[in-house]
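Next comes model-v4.pdb, a file with PDB, C-alpha atoms.
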ATOM      1  CA  MET S 584       0.000   0.000   0.000  1.00  0.00           C
ATOM      2  CA  GLY S 585       2.742   2.486  -0.859  1.00  0.00           C
ATOM      3  CA  MET S 586       4.832   1.687   2.218  1.00  0.00           C
ATOM      4  CA  GLU S 587       8.204   0.264   1.337  1.00  0.00           C
ATOM      5  CA  LYS S 588      10.230  -1.590   3.880  1.00  0.00           C
ATOM      6  CA  VAL S 589      13.587   0.031   4.378  1.00  0.00           C
ATOM      7  CA  SER S 590      16.260  -1.738   6.334  1.00  0.00           C
ATOM      8  CA  ALA S 591      18.253  -0.099   9.064  1.00  0.00           C
ATOM      9  CA  GLN S 592      21.396  -0.754   6.995  1.00  0.00           C
ATOM     10  CA  THR S 593      19.949   1.216   4.058  1.00  0.00           C
ATOM     11  CA  ILE S 594      19.093   4.132   6.330  1.00  0.00           C
ATOM     12  CA  LEU S 595      22.592   4.050   7.855  1.00  0.00           C
ATOM     13  CA  ASP S 596      24.241   3.880   4.418  1.00  0.00           C
ATOM     14  CA  ASN S 597      22.197   6.857   3.216  1.00  0.00           C
ATOM     15  CA  GLU S 598      23.146   8.882   6.313  1.00  0.00           C
ATOM     16  CA  ILE S 599      26.836   8.068   5.883  1.00  0.00           C
ATOM     17  CA  ASN S 600      26.794   8.945   2.178  1.00  0.00           C
ATOM     18  CA  GLN S 601      25.056  12.247   2.906  1.00  0.00           C
ATOM     19  CA  ALA S 602      27.576  13.110   5.631  1.00  0.00           C
ATOM     20  CA  ILE S 603      30.488  12.250   3.348  1.00  0.00           C
ATOM     21  CA  SER S 604      29.172  14.380   0.490  1.00  0.00           C
ATOM     22  CA  GLU S 605      28.487  17.319   2.828  1.00  0.00           C
ATOM     23  CA  GLU S 606      31.999  17.009   4.292  1.00  0.00           C
ATOM     24  CA  ALA S 607      33.500  16.801   0.795  1.00  0.00           C
ATOM     25  CA  GLY S 608      31.605  19.958  -0.185  1.00  0.00           C
ATOM     26  CA  ILE S 609      32.921  21.826   2.843  1.00  0.00           C
ATOM     27  CA  ASP S 610      36.454  20.584   2.237  1.00  0.00           C
ATOM     28  CA  PHE S 611      36.267  21.553  -1.438  1.00  0.00           C
ATOM     29  CA  ARG S 612      34.967  25.011  -0.558  1.00  0.00           C
ATOM     30  CA  HIS S 613      37.781  25.527   1.946  1.00  0.00           C
ATOM     31  CA  LYS S 614      40.405  24.466  -0.620  1.00  0.00           C
ATOM     32  CA  LEU S 615      38.842  26.748  -3.226  1.00  0.00           C
ATOM     33  CA  ALA S 616      38.899  29.642  -0.742  1.00  0.00           C
ATOM     34  CA  GLN S 617      42.557  28.998   0.110  1.00  0.00           C
ATOM     35  CA  GLN S 618      43.465  28.898  -3.580  1.00  0.00           C
ATOM     36  CA  THR S 619      41.524  32.128  -4.136  1.00  0.00           C
ATOM     37  CA  VAL S 620      43.474  33.840  -1.336  1.00  0.00           C
ATOM     38  CA  LYS S 621      46.779  32.525  -2.688  1.00  0.00           C
ATOM     39  CA  ASN S 622      46.025  33.661  -6.255  1.00  0.00           C
ATOM     40  CA  TRP S 623      44.966  37.179  -5.263  1.00  0.00           C
ATOM     41  CA  SER S 624      47.923  37.479  -2.862  1.00  0.00           C
ATOM     42  CA  GLN S 625      50.207  36.772  -5.807  1.00  0.00           C
ATOM     43  CA  TRP S 626      48.465  39.524  -7.784  1.00  0.00           C
ATOM     44  CA  ALA S 627      49.005  41.858  -4.827  1.00  0.00           C
ATOM     45  CA  THR S 628      52.706  41.024  -5.019  1.00  0.00           C
ATOM     46  CA  VAL S 629      52.715  42.128  -8.645  1.00  0.00           C
ATOM     47  CA  ALA S 630      50.911  45.342  -7.644  1.00  0.00           C
ATOM     48  CA  GLY S 631      53.594  45.871  -4.997  1.00  0.00           C
ATOM     49  CA  PHE S 632      56.179  46.284  -7.763  1.00  0.00           C
ATOM     50  CA  ILE S 633      54.446  49.434  -9.032  1.00  0.00           C
ATOM     51  CA  PRO S 634      57.003  52.168  -8.298  1.00  0.00           C
ATOM     52  CA  VAL S 635      54.477  54.957  -7.634  1.00  0.00           C
ATOM     53  CA  PRO S 636      53.435  54.908  -3.932  1.00  0.00           C
ATOM     54  CA  VAL S 637      49.796  56.025  -4.228  1.00  0.00           C
ATOM     55  CA  VAL S 638      49.153  53.947  -7.335  1.00  0.00           C
ATOM     56  CA  ASP S 639      50.539  50.751  -5.785  1.00  0.00           C
ATOM     57  CA  THR S 640      48.380  51.204  -2.693  1.00  0.00           C
ATOM     58  CA  ALA S 641      45.273  51.707  -4.825  1.00  0.00           C
ATOM     59  CA  ALA S 642      46.121  48.642  -6.906  1.00  0.00           C
ATOM     60  CA  ILE S 643      46.685  46.490  -3.806  1.00  0.00           C
ATOM     61  CA  SER S 644      43.402  47.686  -2.290  1.00  0.00           C
ATOM     62  CA  GLY S 645      41.603  46.836  -5.524  1.00  0.00           C
ATOM     63  CA  VAL S 646      43.125  43.353  -5.506  1.00  0.00           C
ATOM     64  CA  GLN S 647      41.993  42.807  -1.905  1.00  0.00           C
ATOM     65  CA  ILE S 648      38.446  43.951  -2.656  1.00  0.00           C
ATOM     66  CA  LYS S 649      38.256  41.643  -5.688  1.00  0.00           C
ATOM     67  CA  MET S 650      39.589  38.759  -3.578  1.00  0.00           C
ATOM     68  CA  ILE S 651      36.888  39.299  -0.966  1.00  0.00           C
ATOM     69  CA  HIS S 652      34.290  39.487  -3.740  1.00  0.00           C
ATOM     70  CA  ASP S 653      35.455  36.077  -4.957  1.00  0.00           C
ATOM     71  CA  LEU S 654      35.427  34.694  -1.389  1.00  0.00           C
ATOM     72  CA  CYS S 655      31.850  35.932  -0.989  1.00  0.00           C
ATOM     73  CA  ASN S 656      30.970  33.930  -4.103  1.00  0.00           C
ATOM     74  CA  VAL S 657      32.691  30.817  -2.722  1.00  0.00           C
ATOM     75  CA  TYR S 658      30.756  31.020   0.564  1.00  0.00           C
ATOM     76  CA  GLY S 659      27.486  32.339  -0.841  1.00  0.00           C
ATOM     77  CA  VAL S 660      27.752  35.608   1.101  1.00  0.00           C
ATOM     78  CA  GLU S 661      26.216  38.797  -0.267  1.00  0.00           C
ATOM     79  CA  PHE S 662      28.985  41.198  -1.384  1.00  0.00           C
ATOM     80  CA  LYS S 663      28.713  44.839  -0.364  1.00  0.00           C
ATOM     81  CA  LYS S 664      31.641  46.922  -1.549  1.00  0.00           C
ATOM     82  CA  GLU S 665      31.142  49.697   1.004  1.00  0.00           C
ATOM     83  CA  LEU S 666      31.268  47.229   3.894  1.00  0.00           C
ATOM     84  CA  VAL S 667      34.325  45.494   2.472  1.00  0.00           C
ATOM     85  CA  VAL S 668      36.185  48.785   2.048  1.00  0.00           C
ATOM     86  CA  SER S 669      35.488  49.805   5.639  1.00  0.00           C
ATOM     87  CA  ILE S 670      36.351  46.357   7.055  1.00  0.00           C
ATOM     88  CA  VAL S 671      39.618  46.116   5.130  1.00  0.00           C
ATOM     89  CA  GLY S 672      40.457  49.690   6.077  1.00  0.00           C
ATOM     90  CA  ALA S 673      39.908  48.892   9.745  1.00  0.00           C
ATOM     91  CA  LEU S 674      41.934  45.672   9.565  1.00  0.00           C
ATOM     92  CA  VAL S 675      44.856  47.077   7.613  1.00  0.00           C
ATOM     93  CA  GLY S 676      44.588  50.489   9.256  1.00  0.00           C
ATOM     94  CA  GLY S 677      45.526  48.847  12.522  1.00  0.00           C
ATOM     95  CA  SER S 678      48.790  47.836  10.949  1.00  0.00           C
ATOM     96  CA  VAL S 679      49.571  51.272   9.490  1.00  0.00           C
ATOM     97  CA  ALA S 680      52.489  51.620  11.889  1.00  0.00           C
ATOM     98  CA  THR S 681      53.941  48.394  10.543  1.00  0.00           C
ATOM     99  CA  VAL S 682      53.466  49.458   6.928  1.00  0.00           C
ATOM    100  CA  PHE S 683      54.858  52.916   7.675  1.00  0.00           C
ATOM    101  CA  SER S 684      57.916  51.496   9.431  1.00  0.00           C
ATOM    102  CA  SER S 685      58.515  49.093   6.546  1.00  0.00           C
ATOM    103  CA  SER S 686      58.307  52.040   4.122  1.00  0.00           C
ATOM    104  CA  ILE S 687      60.898  53.905   6.159  1.00  0.00           C
ATOM    105  CA  GLY S 688      62.975  50.739   6.324  1.00  0.00           C
ATOM    106  CA  SER S 689      62.685  50.367   2.564  1.00  0.00           C
ATOM    107  CA  PHE S 690      63.769  53.990   2.080  1.00  0.00           C
ATOM    108  CA  VAL S 691      66.780  53.524   4.371  1.00  0.00           C
ATOM    109  CA  ALA S 692      67.621  50.147   2.817  1.00  0.00           C
ATOM    110  CA  CYS S 693      67.802  51.608  -0.675  1.00  0.00           C
ATOM    111  CA  ARG S 694      70.677  53.832   0.542  1.00  0.00           C
ATOM    112  CA  ILE S 695      72.848  50.788   1.332  1.00  0.00           C
ATOM    113  CA  PRO S 696      75.331  50.219  -1.486  1.00  0.00           C
ATOM    114  CA  VAL S 697      74.841  47.136  -3.697  1.00  0.00           C
ATOM    115  CA  VAL S 698      72.164  45.243  -1.683  1.00  0.00           C
ATOM    116  CA  GLY S 699      70.068  48.272  -0.750  1.00  0.00           C
ATOM    117  CA  GLY S 700      68.235  48.542  -4.060  1.00  0.00           C
ATOM    118  CA  VAL S 701      67.333  44.872  -3.998  1.00  0.00           C
ATOM    119  CA  LEU S 702      66.104  45.026  -0.395  1.00  0.00           C
ATOM    120  CA  SER S 703      64.017  48.073  -1.170  1.00  0.00           C
ATOM    121  CA  ALA S 704      62.511  46.502  -4.292  1.00  0.00           C
ATOM    122  CA  VAL S 705      61.532  43.324  -2.439  1.00  0.00           C
ATOM    123  CA  THR S 706      60.043  44.922   0.688  1.00  0.00           C
ATOM    124  CA  GLN S 707      56.814  46.348  -0.776  1.00  0.00           C
ATOM    125  CA  PRO S 708      55.855  43.273  -2.828  1.00  0.00           C
ATOM    126  CA  ALA S 709      56.476  41.037   0.199  1.00  0.00           C
ATOM    127  CA  MET S 710      54.345  43.279   2.427  1.00  0.00           C
ATOM    128  CA  SER S 711      51.643  43.330  -0.264  1.00  0.00           C
ATOM    129  CA  TYR S 712      51.516  39.537  -0.369  1.00  0.00           C
ATOM    130  CA  ALA S 713      51.514  39.199   3.418  1.00  0.00           C
ATOM    131  CA  SER S 714      48.799  41.764   4.069  1.00  0.00           C
ATOM    132  CA  THR S 715      46.562  40.422   1.283  1.00  0.00           C
ATOM    133  CA  TYR S 716      47.006  36.849   2.496  1.00  0.00           C
ATOM    134  CA  ALA S 717      46.191  37.905   6.070  1.00  0.00           C
ATOM    135  CA  VAL S 718      43.076  39.782   4.958  1.00  0.00           C
ATOM    136  CA  GLY S 719      41.924  36.840   2.846  1.00  0.00           C
ATOM    137  CA  MET S 720      42.421  34.203   5.532  1.00  0.00           C
ATOM    138  CA  THR S 721      40.665  36.441   8.076  1.00  0.00           C
ATOM    139  CA  PHE S 722      37.609  36.512   5.808  1.00  0.00           C
ATOM    140  CA  VAL S 723      37.837  32.757   5.156  1.00  0.00           C
ATOM    141  CA  LYS S 724      37.825  32.093   8.902  1.00  0.00           C
ATOM    142  CA  HIS S 725      34.830  34.396   9.378  1.00  0.00           C
ATOM    143  CA  PHE S 726      32.855  32.963   6.464  1.00  0.00           C
ATOM    144  CA  GLU S 727      33.504  29.385   7.606  1.00  0.00           C
ATOM    145  CA  LYS S 728      31.773  30.249  10.867  1.00  0.00           C
ATOM    146  CA  SER S 729      28.704  31.174   8.769  1.00  0.00           C
ATOM    147  CA  GLY S 730      29.523  34.849   9.102  1.00  0.00           C
ATOM    148  CA  SER S 731      28.521  37.579   6.703  1.00  0.00           C
ATOM    149  CA  LEU S 732      29.863  41.038   5.929  1.00  0.00           C
ATOM    150  CA  ILE S 733      27.219  42.615   8.127  1.00  0.00           C
ATOM    151  CA  ASP S 734      28.210  40.701  11.276  1.00  0.00           C
ATOM    152  CA  PHE S 735      31.981  40.972  10.730  1.00  0.00           C
ATOM    153  CA  ASN S 736      33.570  42.104  14.005  1.00  0.00           C
ATOM    154  CA  VAL S 737      36.847  43.892  13.278  1.00  0.00           C
ATOM    155  CA  ASP S 738      37.991  43.825  16.909  1.00  0.00           C
ATOM    156  CA  ASP S 739      37.606  40.040  17.078  1.00  0.00           C
ATOM    157  CA  ALA S 740      39.327  39.611  13.714  1.00  0.00           C
ATOM    158  CA  LYS S 741      42.339  41.813  14.542  1.00  0.00           C
ATOM    159  CA  GLY S 742      43.823  39.144  16.798  1.00  0.00           C
ATOM    160  CA  PHE S 743      43.765  36.616  13.965  1.00  0.00           C
ATOM    161  CA  PHE S 744      44.840  39.173  11.341  1.00  0.00           C
TER     162      PHE S 744
END

Show me the file's structure as structure tokens.
Amino acid sequence: MGMEKVSAQTILDNEINQAISEEAGIDFRHKLAQQTVKNWSQWATVAGFIPVPVVDTAAISGVQIKMIHDLCNVYGVEFKKELVVSIVGALVGGSVATVFSSSIGSFVACRIPVVGGVLSAVTQPAMSYASTYAVGMTFVKHFEKSGSLIDFNVDDAKGFF
């Protein structure tokens, strides 16, 4: 009369298969997010080679915003550019002293004969990669806790960043 007998083993097998496919989806999403962060961090490194200070900063910021846009797509989070700009500004703004000191260090380093130019040329791209990677992984951590841009708490994230 429309009622099929289902064994306990069939029910268990279905539950296990569902759990495995859900876990695989989460694992795949995490790997995709990590690859997204890595790719955009590499683009930030390229932007760090731009020799004009204001232009390189704008390019790096653009790369970070695009990376977060892609991460929003990976996690199914609504992207809001204004929120992203303010969040990234608050995260990176907290490390302005670090960036400023590295800029001074880069300026001083370029005055050292022979190795100074190389040190100076490598400093900004390395800082660009590191800051972009840190921003990206901070968002990955937040999104994996089912967070959104609206409930992003900068103070909580600064410790991880």

Going by the chain IDs and residue numbers used in this file, which residues fall under the PyMOL selection byres ((chain S and resi 664-668) around 8)? Write them as an mmCIF file with C-alpha atoms, in the coordinates of the input.
data_model
loop_
_atom_site.group_PDB
_atom_site.id
_atom_site.type_symbol
_atom_site.label_atom_id
_atom_site.label_comp_id
_atom_site.auth_asym_id
_atom_site.auth_seq_id
_atom_site.Cartn_x
_atom_site.Cartn_y
_atom_site.Cartn_z
ATOM 1 C CA ILE S 648 38.446 43.951 -2.656
ATOM 2 C CA ILE S 651 36.888 39.299 -0.966
ATOM 3 C CA PHE S 662 28.985 41.198 -1.384
ATOM 4 C CA LYS S 663 28.713 44.839 -0.364
ATOM 5 C CA SER S 669 35.488 49.805 5.639
ATOM 6 C CA ILE S 670 36.351 46.357 7.055
ATOM 7 C CA VAL S 671 39.618 46.116 5.130
ATOM 8 C CA GLY S 672 40.457 49.690 6.077
ATOM 9 C CA LEU S 732 29.863 41.038 5.929
ATOM 10 C CA ILE S 733 27.219 42.615 8.127
#

Exercise for review: Check the smallest atom-to-atom distance from each of S:Asn597, S:Thr619, S:Asn656, S:Ser731 to Tyr716 (chain S) using all atoms listed in the file, then report the winner.
Suggested key: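 Among the listed residues, the smallest separation from Tyr716 (chain S) belongs to S:Thr619.
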
Practice item. Can you work out which one of S:Val657, S:Val589, S:Ile643, S:Ala717 has the shortest atom-to-atom distance to Val629 (chain S), counting all atoms listed in the file? Key: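 Under the stated criterion, the closest residue is S:Ile643.
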
Exercise for review: Run the PyMOL selection byres ((chain S and resi 631) around 10) against the file shown and list the residues it catches, as JSON, numbers by chain.
Suggested key: {"S": [625, 626, 627, 628, 629, 630, 632, 633, 634, 635, 636, 638, 639, 640, 642, 643, 704, 705, 706, 707, 708, 709, 710, 711, 712]}

Point to revise | Pick from S:His652, S:His613, S:His725, S:Lys588, whichever lies nearest to Val737 (chain S) using all atoms listed in the file | key: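 Counting all atoms listed in the file, the residue closest to Val737 (chain S) is S:His725.
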
Point to revise | Two-atom distance - CA of Val723 (chain S), CA of Ala616 (chain S) (Å) | key: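 It comes out at 6.8 Å.
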
Study note, to complete from the structure: What separates CA of Met720 (chain S) and CA of Asp653 (chain S) is a distance of 12.7 Å

**Study point:** Two-atom distance - CA of Lys621 (chain S), CA of Thr721 (chain S) (Å)
**Key:**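 Between CA of Lys621 (chain S) and CA of Thr721 (chain S) the gap works out to 13.0 Å.
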
Point to revise | Nearest candidate to Thr715 (chain S) (options S:Ser624, S:Asn736, S:Gly645, S:Val675; using all atoms listed in the file) | key: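 Distance minimum relative to Thr715 (chain S) lands on S:Ser624.
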
Once 3 Å is added on each side, what centre and edge lengths in Å to one decimal does the axis-aligned box around all listed atoms of region 731-738 of chain S have, as AutoDock Vina command-line options?
--center_x 32.6 --center_y 40.7 --center_z 11.4 --size_x 16.8 --size_y 12.3 --size_z 17.0

Check your understanding: Expanded to explicit residues, what is the PyMOL selection byres ((chain S and resi 739) around 12) for this file, as a ChimeraX atom specification?
Key -> /S:670,673-674,721-722,724-725,734-738,740-744

Write a file of the just-selected residues containing C-alpha atoms, as a PDB file, keeping the file's coordinate frame.
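Just written: out.pdb:
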ATOM      1  CA  ILE S 670      36.351  46.357   7.055  1.00  0.00           C
ATOM      2  CA  ALA S 673      39.908  48.892   9.745  1.00  0.00           C
ATOM      3  CA  LEU S 674      41.934  45.672   9.565  1.00  0.00           C
ATOM      4  CA  THR S 721      40.665  36.441   8.076  1.00  0.00           C
ATOM      5  CA  PHE S 722      37.609  36.512   5.808  1.00  0.00           C
ATOM      6  CA  LYS S 724      37.825  32.093   8.902  1.00  0.00           C
ATOM      7  CA  HIS S 725      34.830  34.396   9.378  1.00  0.00           C
ATOM      8  CA  ASP S 734      28.210  40.701  11.276  1.00  0.00           C
ATOM      9  CA  PHE S 735      31.981  40.972  10.730  1.00  0.00           C
ATOM     10  CA  ASN S 736      33.570  42.104  14.005  1.00  0.00           C
ATOM     11  CA  VAL S 737      36.847  43.892  13.278  1.00  0.00           C
ATOM     12  CA  ASP S 738      37.991  43.825  16.909  1.00  0.00           C
ATOM     13  CA  ALA S 740      39.327  39.611  13.714  1.00  0.00           C
ATOM     14  CA  LYS S 741      42.339  41.813  14.542  1.00  0.00           C
ATOM     15  CA  GLY S 742      43.823  39.144  16.798  1.00  0.00           C
ATOM     16  CA  PHE S 743      43.765  36.616  13.965  1.00  0.00           C
ATOM     17  CA  PHE S 744      44.840  39.173  11.341  1.00  0.00           C
TER      18      PHE S 744
END

Practice item. Pick out the closest residue to Phe726 (chain S) from this set: S:Arg612, S:Asn622, S:Ala713, S:Lys649. Count only C-alpha atoms. Key: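 Between S:Arg612, S:Asn622, S:Ala713, S:Lys649, the residue approaching Phe726 (chain S) most closely is S:Arg612.
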